[in-house]
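For reference, run_29.txt is printed below; it contains compact mmCIF, C-alpha atoms.
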# COMPACT_ATOMS: atom_id res chain seq x y z
CA GLY K 37 103.63 206.53 44.96
CA GLU K 38 103.62 203.37 46.99
CA THR K 39 101.17 204.71 49.59
CA HIS K 40 98.48 202.58 51.02
CA PRO K 41 95.49 202.96 53.26
CA GLN K 42 96.50 201.40 56.56
CA GLY K 43 93.51 199.37 57.69
CA SER K 44 90.03 200.44 56.79
CA PRO K 45 89.11 204.03 55.91
CA ALA K 46 88.04 206.47 58.63
CA GLY K 47 84.33 206.37 59.35
CA GLY K 48 81.95 208.76 57.67
CA VAL K 49 83.59 208.94 54.24
CA PRO K 50 81.93 206.72 51.58
CA PRO K 51 84.38 204.54 49.59
CA ALA K 52 83.80 206.45 46.33
CA ALA K 53 84.66 209.76 48.00
CA ASP K 54 87.61 208.16 49.75
CA LEU K 55 88.92 206.99 46.39
CA VAL K 56 88.83 210.55 45.06
CA LEU K 57 90.47 211.87 48.23
CA GLY K 58 93.18 209.21 48.09
CA ALA K 59 93.96 210.08 44.49
CA ALA K 60 93.96 213.81 45.31
CA ALA K 61 96.30 213.23 48.26
CA GLY K 62 98.71 211.30 46.01
CA CYS K 63 98.72 214.20 43.56
CA MET K 64 99.40 216.78 46.28
CA ALA K 65 102.34 214.72 47.50
CA CYS K 66 103.55 214.36 43.91
CA VAL K 67 104.01 218.11 43.47
CA LEU K 68 106.46 218.08 46.37
CA THR K 69 108.34 214.91 45.42
CA ASN K 70 108.55 215.36 41.61
CA PRO K 71 112.05 216.91 41.69
CA LEU K 72 113.32 213.64 43.19
CA GLU K 73 111.63 211.75 40.33
CA VAL K 74 113.53 213.86 37.77
CA VAL K 75 116.83 213.24 39.57
CA LYS K 76 116.06 209.51 39.91
CA THR K 77 115.27 209.17 36.18
CA ARG K 78 118.59 210.81 35.22
CA LEU K 79 120.63 208.73 37.67
CA GLN K 80 119.01 205.52 36.43
CA LEU K 81 119.69 206.27 32.76
CA GLN K 82 123.30 207.36 33.30
CA GLY K 83 125.89 204.94 31.94
CA GLU K 84 123.28 202.69 30.34
CA LEU K 85 124.82 199.26 29.54
CA ARG K 86 128.35 200.64 30.11
CA ALA K 87 130.85 199.24 32.61
CA PRO K 88 131.35 201.38 35.75
CA GLY K 89 134.04 204.03 35.28
CA THR K 90 133.91 204.03 31.46
CA TYR K 91 131.47 206.94 30.99
CA PRO K 92 131.18 210.61 31.99
CA ARG K 93 128.93 211.20 35.02
CA PRO K 94 127.11 214.53 34.86
CA TYR K 95 124.94 213.34 37.78
CA ARG K 96 126.63 212.37 41.04
CA GLY K 97 124.41 211.78 44.03
CA VAL K 98 121.03 213.37 44.68
CA LEU K 99 122.03 216.93 45.61
CA ARG K 100 124.63 217.42 42.91
CA ALA K 101 122.29 215.86 40.36
CA ALA K 102 119.57 218.34 41.36
CA GLY K 103 122.13 221.12 40.88
CA ALA K 104 123.04 219.80 37.42
CA VAL K 105 119.34 219.73 36.43
CA CYS K 106 118.90 223.35 37.57
CA ARG K 107 122.02 224.52 35.74
CA ALA K 108 120.80 222.94 32.48
CA ASP K 109 117.08 223.71 32.63
CA GLY K 110 116.61 226.24 35.43
CA LEU K 111 114.48 225.59 38.51
CA ARG K 112 111.59 224.60 36.24
CA GLY K 113 113.70 221.63 35.15
CA LEU K 114 113.01 220.03 38.54
CA GLN K 115 109.28 219.97 37.76
CA LYS K 116 109.68 218.32 34.36
CA GLY K 117 107.03 215.72 33.65
CA LEU K 118 104.88 217.00 36.53
CA ALA K 119 101.60 216.95 34.57
CA ALA K 120 102.26 213.35 33.49
CA GLY K 121 103.26 212.47 37.07
CA LEU K 122 100.00 213.94 38.39
CA LEU K 123 98.00 212.02 35.80
CA TYR K 124 99.80 208.83 36.82
CA GLN K 125 99.28 209.43 40.55
CA GLY K 126 95.59 210.15 40.02
CA LEU K 127 94.97 207.07 37.86
CA MET K 128 97.19 204.73 39.78
CA ASN K 129 96.10 205.70 43.30
CA GLY K 130 92.43 205.91 42.36
CA VAL K 131 92.49 202.40 40.89
CA ARG K 132 94.68 201.08 43.70
CA PHE K 133 92.49 202.43 46.49
CA TYR K 134 89.42 201.06 44.73
CA CYS K 135 90.93 197.57 44.31
CA TYR K 136 92.21 197.60 47.87
CA SER K 137 88.80 198.49 49.31
CA CYS K 138 87.24 195.71 47.18
CA ALA K 139 89.77 193.29 48.70
CA LEU K 140 88.90 194.59 52.18
CA ALA K 141 85.20 194.05 51.47
CA ALA K 142 85.89 190.53 50.16
CA GLY K 143 87.66 189.72 53.42
CA TRP K 144 91.12 189.07 51.91
CA THR K 145 92.82 190.97 54.68
CA GLY K 146 91.55 188.49 57.26
CA TRP K 147 93.94 185.81 55.95
CA PRO K 148 97.56 185.66 57.11
CA GLY K 149 99.56 187.80 54.68
CA GLY K 150 96.30 188.82 53.01
CA THR K 151 96.98 192.53 53.45
CA VAL K 152 100.28 192.25 51.61
CA VAL K 153 98.75 190.20 48.79
CA ALA K 154 95.81 192.62 48.47
CA GLY K 155 98.22 195.55 48.37
CA ALA K 156 100.43 193.95 45.74
CA VAL K 157 97.49 193.02 43.51
CA ALA K 158 95.86 196.45 43.89
CA GLY K 159 99.20 198.12 43.13
CA ALA K 160 99.75 195.95 40.05
CA VAL K 161 96.32 196.83 38.63
CA GLY K 162 96.92 200.54 39.34
CA ALA K 163 100.33 200.41 37.65
CA PHE K 164 98.82 198.76 34.58
CA VAL K 165 96.14 201.44 34.21
CA GLY K 166 98.55 204.32 34.84
CA SER K 167 101.38 202.96 32.68
CA PRO K 168 100.98 205.30 29.65
CA ALA K 169 101.29 208.33 31.95
CA TYR K 170 104.46 206.93 33.53
CA LEU K 171 105.88 206.21 30.07
CA VAL K 172 105.44 209.84 29.03
CA LYS K 173 106.68 211.10 32.41
CA THR K 174 109.92 209.12 31.96
CA HIS K 175 110.44 210.46 28.42
CA LEU K 176 109.87 214.06 29.49
CA GLN K 177 112.08 213.81 32.59
CA ALA K 178 114.95 212.31 30.56
CA GLN K 179 114.89 215.18 28.04
CA THR K 180 117.49 217.90 28.53
CA LEU K 181 120.40 219.78 26.91
CA ALA K 182 122.73 217.57 24.90
CA ALA K 183 125.67 218.32 27.24
CA VAL K 184 124.03 216.60 30.23
CA ALA K 185 121.66 214.24 28.39
CA VAL K 186 121.59 210.59 29.52
CA GLY K 187 119.59 207.81 27.89
CA HIS K 188 117.64 208.05 24.65
CA GLN K 189 116.16 211.51 23.96
CA HIS K 190 112.59 211.31 22.67
CA ASN K 191 112.29 215.08 22.07
CA HIS K 192 108.59 215.54 22.76
CA GLU K 193 107.26 219.09 22.66
CA SER K 194 104.70 218.63 25.44
CA ILE K 195 102.68 216.02 27.32
CA SER K 196 99.88 216.04 24.74
CA GLY K 197 102.42 215.96 21.90
CA ALA K 198 104.07 212.95 23.54
CA PHE K 199 100.84 210.94 23.80
CA GLU K 200 99.94 211.93 20.25
CA SER K 201 103.25 210.95 18.64
CA ILE K 202 103.47 207.63 20.52
CA TYR K 203 99.90 206.77 19.53
CA ARG K 204 100.44 207.88 15.92
CA GLN K 205 103.58 205.77 15.53
CA HIS K 206 102.73 202.67 17.57
CA GLY K 207 99.00 202.72 18.35
CA VAL K 208 97.49 201.65 21.66
CA ALA K 209 100.15 198.96 22.20
CA GLY K 210 102.79 201.71 22.05
CA LEU K 211 101.15 203.55 24.93
CA TRP K 212 101.45 200.45 27.11
CA ARG K 213 105.09 199.83 26.21
CA GLY K 214 107.24 199.03 29.28
CA VAL K 215 104.26 197.89 31.32
CA SER K 216 106.07 194.58 32.00
CA GLY K 217 108.53 196.54 34.16
CA ALA K 218 105.95 198.77 35.83
CA VAL K 219 103.65 196.09 37.19
CA PRO K 220 106.29 194.15 39.18
CA ARG K 221 107.82 197.44 40.36
CA VAL K 222 104.63 198.63 42.02
CA ALA K 223 103.56 195.17 43.20
CA VAL K 224 106.92 194.66 44.95
CA GLY K 225 106.94 198.22 46.33
CA SER K 226 103.38 197.97 47.67
CA ALA K 227 103.98 194.57 49.24
CA ALA K 228 107.26 195.65 50.87
CA GLN K 229 105.66 198.80 52.20
CA LEU K 230 102.56 197.11 53.57
CA ALA K 231 104.68 194.40 55.15
CA THR K 232 106.96 196.90 56.91
CA PHE K 233 105.22 200.27 57.39
CA ALA K 234 102.85 199.38 60.24
CA SER K 235 105.48 197.38 62.14
CA ALA K 236 108.11 200.09 61.60
CA LYS K 237 105.70 202.69 62.96
CA ASP K 238 104.96 200.52 66.03
CA TRP K 239 108.69 199.96 66.56
CA VAL K 240 109.31 203.73 66.48
CA CYS K 241 106.48 204.28 68.99
CA GLU K 242 107.71 201.50 71.31
CA HIS K 243 111.02 203.31 71.63
CA GLN K 244 108.99 206.34 72.70
CA TRP K 245 110.85 208.75 70.46
CA PHE K 246 107.54 210.28 69.43
CA GLY K 247 103.95 210.22 70.65
CA GLU K 248 101.64 207.44 69.42
CA GLY K 249 99.54 209.40 66.94
CA SER K 250 102.04 212.10 65.92
CA TRP K 251 103.05 212.79 62.32
CA ALA K 252 106.68 212.59 63.45
CA ALA K 253 106.08 208.93 64.35
CA VAL K 254 104.48 208.32 60.95
CA LEU K 255 107.39 210.04 59.18
CA ALA K 256 109.96 208.06 61.18
CA GLY K 257 108.02 204.84 60.47
CA GLY K 258 107.96 205.80 56.79
CA MET K 259 111.70 206.41 56.75
CA VAL K 260 112.47 203.08 58.49
CA SER K 261 110.09 201.17 56.23
CA GLY K 262 111.54 203.12 53.29
CA VAL K 263 114.86 201.30 53.70
CA ALA K 264 113.19 197.92 53.11
CA VAL K 265 111.12 199.27 50.23
CA ALA K 266 114.08 201.00 48.54
CA VAL K 267 116.27 197.89 48.75
CA THR K 268 113.60 195.59 47.30
CA MET K 269 112.12 198.03 44.79
CA THR K 270 115.09 199.89 43.25
CA PRO K 271 116.19 197.09 40.87
CA PHE K 272 112.62 196.89 39.54
CA ASP K 273 112.54 200.68 39.33
CA VAL K 274 115.76 200.79 37.26
CA VAL K 275 114.45 198.10 34.89
CA SER K 276 111.14 199.94 34.61
CA THR K 277 112.83 203.28 33.73
CA ARG K 278 115.07 201.59 31.12
CA LEU K 279 112.17 199.76 29.45
CA TYR K 280 110.09 202.95 29.33
CA ASN K 281 112.87 205.09 27.93
CA GLN K 282 114.54 202.74 25.41
CA PRO K 283 114.34 203.66 21.71
CA VAL K 284 112.06 201.46 19.60
CA ASP K 285 112.07 200.45 15.93
CA ALA K 286 109.16 200.92 13.51
CA ASP K 287 107.46 197.73 14.75
CA GLY K 288 107.58 199.01 18.32
CA ALA K 289 110.21 196.47 19.39
CA GLY K 290 112.84 197.75 21.82
CA LYS K 291 116.31 198.41 20.37
CA LEU K 292 118.12 197.68 23.66
CA TYR K 293 116.04 195.23 25.68
CA ARG K 294 113.64 192.48 24.63
CA GLY K 295 111.71 192.69 27.88
CA PHE K 296 111.79 192.63 31.66
CA TRP K 297 114.08 189.63 32.19
CA ASP K 298 116.45 190.51 29.34
CA CYS K 299 116.83 194.02 30.80
CA PHE K 300 117.58 192.61 34.27
CA VAL K 301 120.24 190.25 32.92
CA GLN K 302 121.90 192.85 30.65
CA ILE K 303 122.16 195.46 33.40
CA SER K 304 123.65 193.05 35.93
CA SER K 305 126.13 191.61 33.44
CA LYS K 306 127.28 194.90 31.84
CA GLU K 307 126.93 197.40 34.71
CA GLY K 308 127.42 195.02 37.63
CA LEU K 309 124.91 194.32 40.38
CA LEU K 310 125.24 197.90 41.60
CA GLY K 311 123.88 199.00 38.23
CA LEU K 312 120.52 197.74 39.46
CA TYR K 313 120.77 200.17 42.37
CA LYS K 314 121.34 203.35 40.41
CA GLY K 315 119.28 206.18 41.89
CA ILE K 316 118.58 204.37 45.17
CA GLY K 317 119.28 207.56 47.14
CA ALA K 318 116.55 209.41 45.27
CA VAL K 319 114.19 206.41 45.54
CA TYR K 320 114.71 206.32 49.31
CA LEU K 321 114.45 210.07 49.86
CA ARG K 322 111.23 210.18 47.87
CA LEU K 323 109.57 207.21 49.61
CA GLY K 324 109.30 208.42 53.21
CA PRO K 325 108.03 211.92 52.41
CA HIS K 326 105.76 210.70 49.62
CA THR K 327 104.10 208.10 51.85
CA VAL K 328 103.73 210.47 54.76
CA LEU K 329 102.55 213.43 52.68
CA SER K 330 99.98 211.23 50.96
CA LEU K 331 98.68 209.90 54.27
CA PHE K 332 98.74 213.39 55.78
CA PHE K 333 96.87 215.07 52.90
CA TRP K 334 94.43 212.16 52.78
CA ASP K 335 93.73 212.56 56.49
CA GLU K 336 93.27 216.33 56.18
CA LEU K 337 90.99 216.01 53.13
CA ARG K 338 88.88 213.48 55.01
CA LYS K 339 88.49 215.83 57.96
CA MET K 340 87.31 218.56 55.60
CA VAL K 341 84.77 216.21 54.00
CA GLN K 342 83.50 214.91 57.34
CA GLN K 343 82.83 218.43 58.60
CA GLN K 344 80.33 219.06 55.81
CA PRO K 345 76.72 218.67 57.00
CA PRO K 346 74.86 215.91 55.09
CA PRO K 347 73.02 217.22 52.00
CA GLY K 348 69.24 217.96 52.11
CA PRO K 349 66.47 215.87 53.69

Please express the file's structure as structure tokens.
Amino acid sequence: GETHPQGSPAGGVPPAADLVLGAAAGCMACVLTNPLEVVKTRLQLQGELRAPGTYPRPYRGVLRAAGAVCRADGLRGLQKGLAAGLLYQGLMNGVRFYCYSCALAAGWTGWPGGTVVAGAVAGAVGAFVGSPAYLVKTHLQAQTLAAVAVGHQHNHESISGAFESIYRQHGVAGLWRGVSGAVPRVAVGSAAQLATFASAKDWVCEHQWFGEGSWAAVLAGGMVSGVAVAVTMTPFDVVSTRLYNQPVDADGAGKLYRGFWDCFVQISSKEGLLGLYKGIGAVYLRLGPHTVLSLFFWDELRKMVQQQPPPGP
């Protein structure tokens, strides 16, 4: 999730509570957008380091890819990795909201461009903390029947089994494998979203397609801003997925990529520049709804909290 509090939190909710609500809102949105994550993971792993047109494509476009997932694994296949995704959303958004409110308190957002910098830094810290959950989510979402499998198959039994086997084989360092792709991904996504979301929303309202405060205006703003975010973030997203999913040797070194920059160079040279944009449809379709659902649930949760009378004398 690349969602961010726009401006300071609504009055009457203490920052600690707001942090919990923000994380909860991210998780609620995640349940609805997880199928797009599964599809995105498959599209990004398809044809890994192969020239375009030289490999079979079980996944073509978002809708047909979703169909392929259902045919292989049933409807439940679309919610693969959900528990790991929820864990990631909770960790990442909780940490991000906390860091962002610290930056607000420190007055960062008063500087020109300060909001964007604060968002990028908060996102990067959140991504670092949540990285092991995203690692496991990627492994679980890539796993499927051999006929439609793309990318390395890690064959974990469950989320707990995944954490256990990674830790047993590679220790704590193994759990943070691929973090070099995750941090720039979220930093770039957060910055692009913060830089565009508010202005996109204002632009939508200026054209008077929707009322000022309506959710339709927020959704439209999210979808407009989503274009900018998807274009800037997808290459980082592809690199991140590849680094998380690549097979590793006994020492924990990647068998395909040495690191972030090596991955970037190999993809663009072997798969062409468009290789860096695999899964952009799913990235885009997930962004708008995820942002808006997070903001919407966050708003609703806040209202519920504010209605409670204050405890005791």

- prompt: Within 9 Å of range 322-337 of chain K, counting all atoms listed in the file, which residues qualify if same-chain residues fewer than 5 places away don't, as a PyMOL selection string?
  reply: chain K and resi 37-41+46+54+57-66+68-70+72-73+251+254-263+265-266+317+342

message: So that I can check the surroundings of Gln302 in chain K, please list as a list in words every protein, DNA and RNA residue that reaches within 10 Å of it, counting only C-alpha atoms and ignoring chain neighbours fewer than 2 positions away.
response: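 In the requested form, the answer reads Glu84, Leu85, Leu292, Tyr293, Trp297, Asp298, Cys299, Phe300, Ser304, Ser305, Lys306, Glu307, Gly308 and Gly311 of chain K.
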
field: All residues 7 Å or closer to Gln177 in chain K, only C-alpha atoms, same chain fewer than 3 positions away omitted, as a list of chain:residue names
entry: K:Val74, K:Thr77, K:Lys116, K:Gly117, K:Lys173, K:Thr174

Neighbour list for Arg78 in chain K as a list of chain:residue names, cut-off 10 Å, all atoms listed in the file, skip fewer than 6 positions in-chain: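 Using all atoms listed in the file, the neighbours found are K:Leu72, K:Pro94, K:Tyr95, K:Ala101, K:Ala102, K:Val105, K:Thr174, K:Gln177, K:Ala178, K:Gln179, K:Thr180, K:Val184, K:Ala185, K:Val186, K:Gly187, K:Thr277, K:Lys314, K:Gly315.
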
query: Can you tell me, as a VMD selection string, what residues are no more than 12 Å from Ala160 in chain K when counting all atoms listed in the file, ignoring any on the same chain fewer than 2 positions away?
result: chain K and resid 38 128 to 129 131 to 133 135 to 136 153 to 158 162 to 167 215 to 227

task: Grab the CA of Leu114 in chain K to CA of Tyr91 in chain K distance for me, in Å with one decimal place.
output: 23.9 Å

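When only C-alpha atoms are used to measure the gap to Tyr170 in chain K, the shortest distance among K:Gly288, K:Gly121, K:Gly103, K:Gly207 belongs to K:Gly121.
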
- prompt: Any idea what the distance is between CA of Leu312 in chain K and CA of Gln115 in chain K?
  reply: 25.0 Å

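Remark: for Ile303 in chain K, the closest of the candidate residues K:Ala286, K:Val274, K:Val152, K:Ala120 is K:Val274 (distances computed over all atoms listed in the file).
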
message: As an exercise, work out the distance from CA of Leu211 in chain K to CA of Pro168 in chain K in Å and give it to one decimal place.
response: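 Answer for the CA of Leu211 in chain K to CA of Pro168 in chain K separation: 5.0 Å.
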
task: Find, counting only C-alpha atoms, the residue in K:Asp285, K:Cys106, K:Met269, K:Gly146 that gets nearest to His206 in chain K.
output: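 Smallest separation from His206 in chain K among the options: K:Asp285.
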
field: Top pick for closest residue to Ala318 in chain K, considering K:Gly126, K:Pro51, K:Gly113, K:Gly97 and counting only C-alpha atoms
entry: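 For Ala318 in chain K, the nearest of the given residues is K:Gly97.
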